[in-house]
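Below is final.pdb, which holds PDB, C-alpha atoms.
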ATOM      1  CA  MET A  30      44.968  95.179  25.087
ATOM      2  CA  THR A  31      45.777  96.562  28.519
ATOM      3  CA  THR A  32      42.900  97.094  30.877
ATOM      4  CA  SER A  33      41.804 100.520  32.039
ATOM      5  CA  LYS A  34      40.249 101.673  35.291
ATOM      6  CA  LEU A  35      36.549 100.851  35.063
ATOM      7  CA  ALA A  36      33.934 103.553  35.576
ATOM      8  CA  LYS A  37      31.060 102.596  37.874
ATOM      9  CA  MET A  38      27.479 103.823  37.889
ATOM     10  CA  SER A  39      24.697 102.828  40.193
ATOM     11  CA  THR A  40      20.978 103.316  40.737
ATOM     12  CA  SER A  41      18.459 102.058  43.245
ATOM     13  CA  GLY A  42      14.727 101.468  43.241
ATOM     14  CA  ARG A  43      11.817 100.615  45.476
ATOM     15  CA  TRP A  44       8.570  98.869  44.568
ATOM     16  CA  THR A  45       5.640 101.225  45.190
ATOM     17  CA  GLY A  46       2.737  98.849  44.488
ATOM     18  CA  GLY A  47       1.288  97.258  41.371
ATOM     19  CA  VAL A  48       3.931  97.283  38.633
ATOM     20  CA  GLN A  49       5.382 100.614  39.768
ATOM     21  CA  THR A  50       8.930 101.412  40.924
ATOM     22  CA  GLU A  51      10.395 104.576  42.363
ATOM     23  CA  ILE A  52      13.938 105.120  41.073
ATOM     24  CA  ALA A  53      16.682 107.029  42.883
ATOM     25  CA  ILE A  54      19.836 108.185  41.053
ATOM     26  CA  ARG A  55      22.484 110.111  43.003
ATOM     27  CA  ASP A  56      20.827 113.147  44.584
ATOM     28  CA  PHE A  57      18.305 113.794  41.805
ATOM     29  CA  GLU A  58      14.575 113.917  42.457
ATOM     30  CA  PRO A  59      13.277 110.304  42.494
ATOM     31  CA  PHE A  60      11.024 109.373  39.577
ATOM     32  CA  LEU A  61       8.476 106.654  38.794
ATOM     33  CA  ILE A  62       8.612 103.865  36.240
ATOM     34  CA  ASP A  63       5.169 102.389  35.667
ATOM     35  CA  GLU A  64       2.970 100.864  32.961
ATOM     36  CA  PRO A  65      -0.251 102.007  31.285
ATOM     37  CA  GLU A  66      -3.499 100.725  32.789
ATOM     38  CA  ARG A  67      -4.009  98.135  30.033
ATOM     39  CA  LEU A  68      -0.728  96.525  31.158
ATOM     40  CA  GLY A  69      -1.783  96.518  34.798
ATOM     41  CA  GLY A  70      -0.217  99.808  35.855
ATOM     42  CA  LYS A  71      -1.389 103.096  37.301
ATOM     43  CA  ASP A  72       0.204 104.993  34.393
ATOM     44  CA  GLU A  73       2.073 107.394  36.660
ATOM     45  CA  GLY A  74       5.367 107.260  34.764
ATOM     46  CA  PRO A  75       7.039 106.062  31.565
ATOM     47  CA  ASN A  76       7.525 102.333  31.162
ATOM     48  CA  PRO A  77      10.946 100.639  31.258
ATOM     49  CA  LEU A  78      11.355 100.359  27.488
ATOM     50  CA  GLU A  79      10.365 103.989  26.961
ATOM     51  CA  MET A  80      13.216 104.801  29.361
ATOM     52  CA  VAL A  81      15.574 102.799  27.140
ATOM     53  CA  LEU A  82      14.395 104.734  24.070
ATOM     54  CA  SER A  83      14.893 108.033  25.884
ATOM     55  CA  SER A  84      18.410 106.991  26.859
ATOM     56  CA  LEU A  85      19.158 106.352  23.174
ATOM     57  CA  SER A  86      18.307 110.000  22.437
ATOM     58  CA  GLY A  87      20.192 111.271  25.486
ATOM     59  CA  CYS A  88      23.259 109.200  24.638
ATOM     60  CA  THR A  89      23.298 110.269  20.992
ATOM     61  CA  SER A  90      23.041 113.882  22.136
ATOM     62  CA  VAL A  91      26.085 113.515  24.417
ATOM     63  CA  LEU A  92      28.146 111.911  21.662
ATOM     64  CA  ILE A  93      27.085 114.543  19.110
ATOM     65  CA  ALA A  94      28.397 117.244  21.467
ATOM     66  CA  VAL A  95      31.679 115.412  22.034
ATOM     67  CA  VAL A  96      32.308 114.416  18.405
ATOM     68  CA  ALA A  97      31.158 117.795  16.998
ATOM     69  CA  LYS A  98      33.853 119.475  19.068
ATOM     70  CA  GLU A  99      36.476 117.052  17.746
ATOM     71  CA  GLN A 100      35.338 117.467  14.126
ATOM     72  CA  GLY A 101      34.700 121.212  14.224
ATOM     73  CA  PHE A 102      30.996 120.690  13.468
ATOM     74  CA  SER A 103      28.603 123.520  14.426
ATOM     75  CA  TYR A 104      24.916 123.139  15.190
ATOM     76  CA  GLU A 105      22.206 125.291  16.672
ATOM     77  CA  GLY A 106      19.654 122.680  17.619
ATOM     78  CA  ILE A 107      18.792 118.982  17.610
ATOM     79  CA  GLU A 108      15.495 117.156  17.890
ATOM     80  CA  PHE A 109      15.248 113.430  18.491
ATOM     81  CA  LYS A 110      12.325 111.123  17.728
ATOM     82  CA  ASN A 111      12.331 107.387  18.080
ATOM     83  CA  GLU A 112       9.848 104.554  17.860
ATOM     84  CA  GLY A 113      10.517 100.972  18.925
ATOM     85  CA  SER A 114       8.502  97.953  17.785
ATOM     86  CA  LEU A 115       8.226  94.727  19.723
ATOM     87  CA  ASP A 116       6.221  91.550  19.802
ATOM     88  CA  PRO A 117       4.406  91.537  23.174
ATOM     89  CA  ARG A 118       4.266  87.738  23.209
ATOM     90  CA  GLY A 119       7.934  87.793  24.278
ATOM     91  CA  PHE A 120       7.453  89.233  27.745
ATOM     92  CA  MET A 121       4.161  87.341  28.049
ATOM     93  CA  GLY A 122       6.284  84.205  28.116
ATOM     94  CA  VAL A 123       5.976  82.722  24.605
ATOM     95  CA  GLU A 124       9.173  80.771  23.868
ATOM     96  CA  GLY A 125      11.356  81.881  20.965
ATOM     97  CA  VAL A 126       9.988  85.421  20.732
ATOM     98  CA  THR A 127      12.415  88.262  21.455
ATOM     99  CA  THR A 128      11.246  90.117  24.551
ATOM    100  CA  TYR A 129      12.621  93.556  23.625
ATOM    101  CA  PHE A 130      12.588  95.711  20.499
ATOM    102  CA  GLN A 131      12.853  94.052  17.114
ATOM    103  CA  SER A 132      13.463  97.395  15.464
ATOM    104  CA  ILE A 133      13.792 101.085  16.210
ATOM    105  CA  GLU A 134      13.213 104.022  13.857
ATOM    106  CA  PHE A 135      15.353 106.925  15.035
ATOM    107  CA  ASP A 136      15.241 110.464  13.621
ATOM    108  CA  ILE A 137      18.008 112.932  14.473
ATOM    109  CA  ILE A 138      16.991 116.348  13.149
ATOM    110  CA  LEU A 139      19.902 118.771  13.076
ATOM    111  CA  GLU A 140      19.640 122.524  12.817
ATOM    112  CA  THR A 141      22.970 123.201  11.159
ATOM    113  CA  ALA A 142      24.642 124.951   8.226
ATOM    114  CA  GLU A 143      27.138 122.087   7.772
ATOM    115  CA  SER A 144      27.286 120.000   4.569
ATOM    116  CA  GLU A 145      25.706 116.573   4.100
ATOM    117  CA  GLU A 146      29.224 115.132   3.978
ATOM    118  CA  LYS A 147      30.061 116.608   7.381
ATOM    119  CA  ILE A 148      26.749 115.299   8.758
ATOM    120  CA  GLN A 149      27.649 111.839   7.480
ATOM    121  CA  GLN A 150      31.057 112.023   9.169
ATOM    122  CA  LEU A 151      29.436 113.082  12.419
ATOM    123  CA  LYS A 152      26.851 110.281  12.224
ATOM    124  CA  GLU A 153      29.480 107.600  11.646
ATOM    125  CA  ALA A 154      31.667 108.596  14.576
ATOM    126  CA  VAL A 155      28.712 109.153  16.933
ATOM    127  CA  GLU A 156      27.061 105.819  16.188
ATOM    128  CA  LYS A 157      30.338 103.940  16.558
ATOM    129  CA  ARG A 158      30.903 105.367  20.038
ATOM    130  CA  CYS A 159      27.406 105.797  21.511
ATOM    131  CA  PRO A 160      27.046 103.176  24.294
ATOM    132  CA  VAL A 161      23.237 102.876  24.125
ATOM    133  CA  MET A 162      23.240 102.601  20.306
ATOM    134  CA  ASN A 163      25.889  99.868  20.487
ATOM    135  CA  LEU A 164      24.054  98.034  23.266
ATOM    136  CA  LEU A 165      20.902  97.846  21.139
ATOM    137  CA  VAL A 166      22.728  96.918  17.917
ATOM    138  CA  ASP A 167      24.819  94.233  19.642
ATOM    139  CA  ALA A 168      21.618  92.717  21.070
ATOM    140  CA  GLY A 169      20.323  92.376  17.501
ATOM    141  CA  VAL A 170      17.909  95.316  17.371
ATOM    142  CA  SER A 171      17.578  96.643  13.838
ATOM    143  CA  ILE A 172      18.028 100.422  14.095
ATOM    144  CA  THR A 173      17.227 102.701  11.187
ATOM    145  CA  SER A 174      18.689 106.103  11.938
ATOM    146  CA  ASN A 175      17.739 109.076   9.828
ATOM    147  CA  TRP A 176      20.056 112.054  10.190
ATOM    148  CA  ILE A 177      18.061 114.942   8.770
ATOM    149  CA  LYS A 178      19.178 118.500   8.120
ATOM    150  CA  LYS A 179      16.401 120.827   9.189
TER     151      LYS A 179
ATOM    152  CA  MET B  10       6.035  80.945  13.903
ATOM    153  CA  THR B  11       3.173  83.248  13.015
ATOM    154  CA  THR B  12       3.708  86.936  13.515
ATOM    155  CA  SER B  13       1.774  88.946  16.046
ATOM    156  CA  LYS B  14       0.683  92.565  15.995
ATOM    157  CA  LEU B  15       3.702  94.601  17.054
ATOM    158  CA  ALA B  16       3.464  97.009  19.975
ATOM    159  CA  LYS B  17       4.954 100.452  19.354
ATOM    160  CA  MET B  18       6.496 102.904  21.806
ATOM    161  CA  SER B  19       7.938 106.281  21.104
ATOM    162  CA  THR B  20       9.793 109.113  22.798
ATOM    163  CA  SER B  21      11.153 112.452  21.690
ATOM    164  CA  GLY B  22      13.923 114.749  22.826
ATOM    165  CA  ARG B  23      15.407 118.173  22.323
ATOM    166  CA  TRP B  24      18.998 119.277  22.814
ATOM    167  CA  THR B  25      19.131 121.937  25.564
ATOM    168  CA  GLY B  26      22.803 122.928  25.321
ATOM    169  CA  GLY B  27      26.086 121.262  26.250
ATOM    170  CA  VAL B  28      25.530 117.510  26.479
ATOM    171  CA  GLN B  29      22.001 117.902  27.847
ATOM    172  CA  THR B  30      18.711 116.636  26.397
ATOM    173  CA  GLU B  31      15.139 117.219  27.477
ATOM    174  CA  ILE B  32      13.054 114.071  27.001
ATOM    175  CA  ALA B  33       9.307 113.948  26.398
ATOM    176  CA  ILE B  34       7.316 110.727  26.834
ATOM    177  CA  ARG B  35       3.563 110.775  26.209
ATOM    178  CA  ASP B  36       2.031 113.455  28.468
ATOM    179  CA  PHE B  37       4.433 113.020  31.386
ATOM    180  CA  GLU B  38       6.473 115.896  32.748
ATOM    181  CA  PRO B  39       9.592 116.264  30.540
ATOM    182  CA  PHE B  40      12.885 115.348  32.218
ATOM    183  CA  LEU B  41      16.581 116.006  31.617
ATOM    184  CA  ILE B  42      19.343 113.602  30.675
ATOM    185  CA  ASP B  43      22.759 115.153  31.288
ATOM    186  CA  GLU B  44      26.291 114.273  32.387
ATOM    187  CA  PRO B  45      28.344 115.190  35.454
ATOM    188  CA  GLU B  46      30.627 118.223  35.125
ATOM    189  CA  ARG B  47      33.774 116.112  34.723
ATOM    190  CA  LEU B  48      32.190 114.674  31.542
ATOM    191  CA  GLY B  49      31.318 118.112  30.219
ATOM    192  CA  GLY B  50      27.782 118.359  31.522
ATOM    193  CA  LYS B  51      25.812 120.635  33.821
ATOM    194  CA  ASP B  52      24.836 117.662  36.016
ATOM    195  CA  GLU B  53      21.147 118.547  35.933
ATOM    196  CA  GLY B  54      19.903 114.995  35.371
ATOM    197  CA  PRO B  55      20.955 111.329  35.306
ATOM    198  CA  ASN B  56      23.187 110.222  32.459
ATOM    199  CA  PRO B  57      22.000 107.891  29.668
ATOM    200  CA  LEU B  58      23.515 104.730  31.111
ATOM    201  CA  GLU B  59      22.087 105.443  34.556
ATOM    202  CA  MET B  60      18.699 105.568  32.794
ATOM    203  CA  VAL B  61      19.400 102.110  31.345
ATOM    204  CA  LEU B  62      20.240 100.786  34.829
ATOM    205  CA  SER B  63      17.057 102.292  36.240
ATOM    206  CA  SER B  64      15.029 100.661  33.469
ATOM    207  CA  LEU B  65      16.512  97.289  34.465
ATOM    208  CA  SER B  66      15.064  97.763  37.972
ATOM    209  CA  GLY B  67      11.751  99.064  36.633
ATOM    210  CA  CYS B  68      11.434  96.190  34.177
ATOM    211  CA  THR B  69      12.296  93.539  36.754
ATOM    212  CA  SER B  70       9.682  95.056  39.040
ATOM    213  CA  VAL B  71       6.979  94.817  36.357
ATOM    214  CA  LEU B  72       7.831  91.194  35.614
ATOM    215  CA  ILE B  73       7.938  90.269  39.312
ATOM    216  CA  ALA B  74       4.372  91.598  39.667
ATOM    217  CA  VAL B  75       3.172  89.695  36.590
ATOM    218  CA  VAL B  76       4.937  86.402  37.334
ATOM    219  CA  ALA B  77       4.141  86.509  41.091
ATOM    220  CA  LYS B  78       0.452  86.617  40.208
ATOM    221  CA  GLU B  79       0.854  83.609  37.885
ATOM    222  CA  GLN B  80       2.863  81.622  40.443
ATOM    223  CA  GLY B  81       0.866  82.604  43.535
ATOM    224  CA  PHE B  82       3.903  84.316  45.073
ATOM    225  CA  SER B  83       3.251  86.931  47.788
ATOM    226  CA  TYR B  84       5.559  89.804  48.692
ATOM    227  CA  GLU B  85       5.305  92.952  50.773
ATOM    228  CA  GLY B  86       8.223  94.940  49.420
ATOM    229  CA  ILE B  87      11.114  94.975  46.953
ATOM    230  CA  GLU B  88      14.289  97.039  46.834
ATOM    231  CA  PHE B  89      16.561  97.154  43.808
ATOM    232  CA  LYS B  90      20.225  98.127  43.665
ATOM    233  CA  ASN B  91      22.451  97.881  40.651
ATOM    234  CA  GLU B  92      25.930  98.919  39.647
ATOM    235  CA  GLY B  93      27.316  98.815  36.122
ATOM    236  CA  SER B  94      31.027  98.821  35.241
ATOM    237  CA  LEU B  95      32.395 100.043  31.942
ATOM    238  CA  ASP B  96      35.690 100.935  30.334
ATOM    239  CA  PRO B  97      35.430 104.651  29.451
ATOM    240  CA  ARG B  98      37.923 104.270  26.598
ATOM    241  CA  GLY B  99      35.057 102.761  24.566
ATOM    242  CA  PHE B 100      32.989 105.906  24.167
ATOM    243  CA  MET B 101      36.178 107.955  23.987
ATOM    244  CA  GLY B 102      36.767 106.234  20.664
ATOM    245  CA  VAL B 103      39.397 103.565  21.361
ATOM    246  CA  GLU B 104      38.879 100.716  18.876
ATOM    247  CA  GLY B 105      37.997  97.274  20.220
ATOM    248  CA  VAL B 106      36.736  98.444  23.606
ATOM    249  CA  THR B 107      33.061  97.829  24.392
ATOM    250  CA  THR B 108      31.321 101.184  24.783
ATOM    251  CA  TYR B 109      28.653 100.062  27.277
ATOM    252  CA  PHE B 110      28.642  97.998  30.457
ATOM    253  CA  GLN B 111      30.970  95.023  30.735
ATOM    254  CA  SER B 112      29.163  93.839  33.833
ATOM    255  CA  ILE B 113      26.281  94.691  36.145
ATOM    256  CA  GLU B 114      25.800  93.650  39.778
ATOM    257  CA  PHE B 115      22.073  93.588  40.505
ATOM    258  CA  ASP B 116      20.505  93.054  43.944
ATOM    259  CA  ILE B 117      16.791  92.279  44.225
ATOM    260  CA  ILE B 118      15.852  92.367  47.907
ATOM    261  CA  LEU B 119      12.468  90.799  48.546
ATOM    262  CA  GLU B 120      10.352  91.265  51.639
ATOM    263  CA  THR B 121       8.493  87.979  51.541
ATOM    264  CA  ALA B 122       7.534  84.921  53.603
ATOM    265  CA  GLU B 123       7.936  82.608  50.578
ATOM    266  CA  SER B 124      10.527  79.783  50.490
ATOM    267  CA  GLU B 125      13.925  79.978  48.799
ATOM    268  CA  GLU B 126      12.634  77.469  46.263
ATOM    269  CA  LYS B 127       9.700  79.725  45.351
ATOM    270  CA  ILE B 128      12.078  82.705  45.086
ATOM    271  CA  GLN B 129      14.247  80.693  42.699
ATOM    272  CA  GLN B 130      11.196  79.830  40.563
ATOM    273  CA  LEU B 131      10.188  83.489  40.476
ATOM    274  CA  LYS B 132      13.717  84.593  39.531
ATOM    275  CA  GLU B 133      13.974  82.133  36.657
ATOM    276  CA  ALA B 134      10.681  83.110  35.043
ATOM    277  CA  VAL B 135      11.225  86.858  35.578
ATOM    278  CA  GLU B 136      14.725  86.888  34.105
ATOM    279  CA  LYS B 137      13.642  84.844  31.108
ATOM    280  CA  ARG B 138      10.885  87.327  30.244
ATOM    281  CA  CYS B 139      12.250  90.723  31.332
ATOM    282  CA  PRO B 140      12.968  92.721  28.140
ATOM    283  CA  VAL B 141      15.682  94.965  29.620
ATOM    284  CA  MET B 142      17.476  92.014  31.273
ATOM    285  CA  ASN B 143      17.417  90.114  27.969
ATOM    286  CA  LEU B 144      18.596  93.144  26.003
ATOM    287  CA  LEU B 145      21.654  93.492  28.238
ATOM    288  CA  VAL B 146      22.428  89.764  28.332
ATOM    289  CA  ASP B 147      22.051  89.386  24.551
ATOM    290  CA  ALA B 148      24.475  92.296  24.059
ATOM    291  CA  GLY B 149      27.039  90.356  26.088
ATOM    292  CA  VAL B 150      26.795  92.178  29.426
ATOM    293  CA  SER B 151      27.672  89.877  32.306
ATOM    294  CA  ILE B 152      24.873  90.300  34.871
ATOM    295  CA  THR B 153      25.195  88.910  38.371
ATOM    296  CA  SER B 154      21.755  89.007  39.969
ATOM    297  CA  ASN B 155      21.393  88.409  43.678
ATOM    298  CA  TRP B 156      17.836  87.616  44.778
ATOM    299  CA  ILE B 157      17.910  88.180  48.508
ATOM    300  CA  LYS B 158      15.213  87.453  51.077
ATOM    301  CA  LYS B 159      15.080  90.336  53.504
TER     302      LYS B 159
END
Output the file's structure in the form of structure tokens.
Amino acid sequence: MTTSKLAKMSTSGRWTGGVQTEIAIRDFEPFLIDEPERLGGKDEGPNPLEMVLSSLSGCTSVLIAVVAKEQGFSYEGIEFKNEGSLDPRGFMGVEGVTTYFQSIEFDIILETAESEEKIQQLKEAVEKRCPVMNLLVDAGVSITSNWIKK
Amino acid sequence: MTTSKLAKMSTSGRWTGGVQTEIAIRDFEPFLIDEPERLGGKDEGPNPLEMVLSSLSGCTSVLIAVVAKEQGFSYEGIEFKNEGSLDPRGFMGVEGVTTYFQSIEFDIILETAESEEKIQQLKEAVEKRCPVMNLLVDAGVSITSNWIKK
């Protein structure tokens, strides 16, 4: 396979005390990543793994828009809900325990008049191409996605 | 190995037109995930993979704080910079092309009086336990991390 020009993305961050980091991305307003107080934080922002879960929703949303256009699929709204489960002993340093999510439950609730068959077609193409979904699956995270017609 | 009580995290989102999603995490201010205009977006927020890069910095920062305490490592500041490279044909649907990052360059710039040996010890323990680092590595992303003493 021939190679293609690679796309590049970059972010920066700055420690702001405790377990907190201020993130800067392009010219957007900087935002905080932190931890709840029970994990030693000041709880002034989402934690890193919540950011990963949110990127799964954001990424699925982008791919739905792109693939829906290709497939002639119409929708009026989408809601996303996800929940990740992990064994906290991993990041606490216990050997042999996965540090990130073991599993994620992911609901994609579509407001649409399209058929279940069309929803299934959309789901298959979106999940095959969504970078964040593939990243998680390739790392061994068990994702249960529920595509629900509202 | 005995099982431990699993920790759960959850986020939700709502499509707000185009390729844009509004994310809600606990009671924090909702934020937008979007794409630049050349990718069909309104460019009103970072894109999903930029959020993943930012979570790598945030996660490393949390683990540095935790491990530094355990190892008696002192620091006065940290800056993070990362850049991910990907082949855009992946999410455009070309078979056999990885959809997410092929590689990430990651600079961790420490303001510290500690020795290079202590920095190396910190790096090893942090990278072994950082969930987002492990997620990326286990998915096959080639990460070059540069731990630099400022």
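For the residues A:Ser144, A:Asp136, A:Leu164, A:Ser103, ranking by smallest atom-to-atom distance to chain B using only C-alpha atoms places A:Leu164 first.
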Subject >> Hits from the PyMOL selection byres ((chain A) within 7 of (chain B)), listed as a PyMOL selection string >> reply: chain A and resi 33-44+47-50+52+54+57+62+74-75+77+79-84+86-88+90-91+94+106-117+119-120+122+128-129+158-161+164+167-168
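For the atom pair formed by atom CA of B:Arg47 and atom CA of A:Leu151, the distance is 22.9 Å, given to one decimal.
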Original post:
Hey, can you check how far atom CA of A:Lys178 sits from atom CA of B:Pro39?
Top reply: 24.5 Å
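Distance-wise, atom CA of B:Gly81 and atom CA of B:Lys159 end up 19.0 Å apart.
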Original post:
What lies within 9 Å of B:Phe82 using only C-alpha atoms, ignoring chain neighbours under 2 positions off, as a PyMOL selection string?
Top reply: chain B and resi 76-80+84+121+123+127-128+131
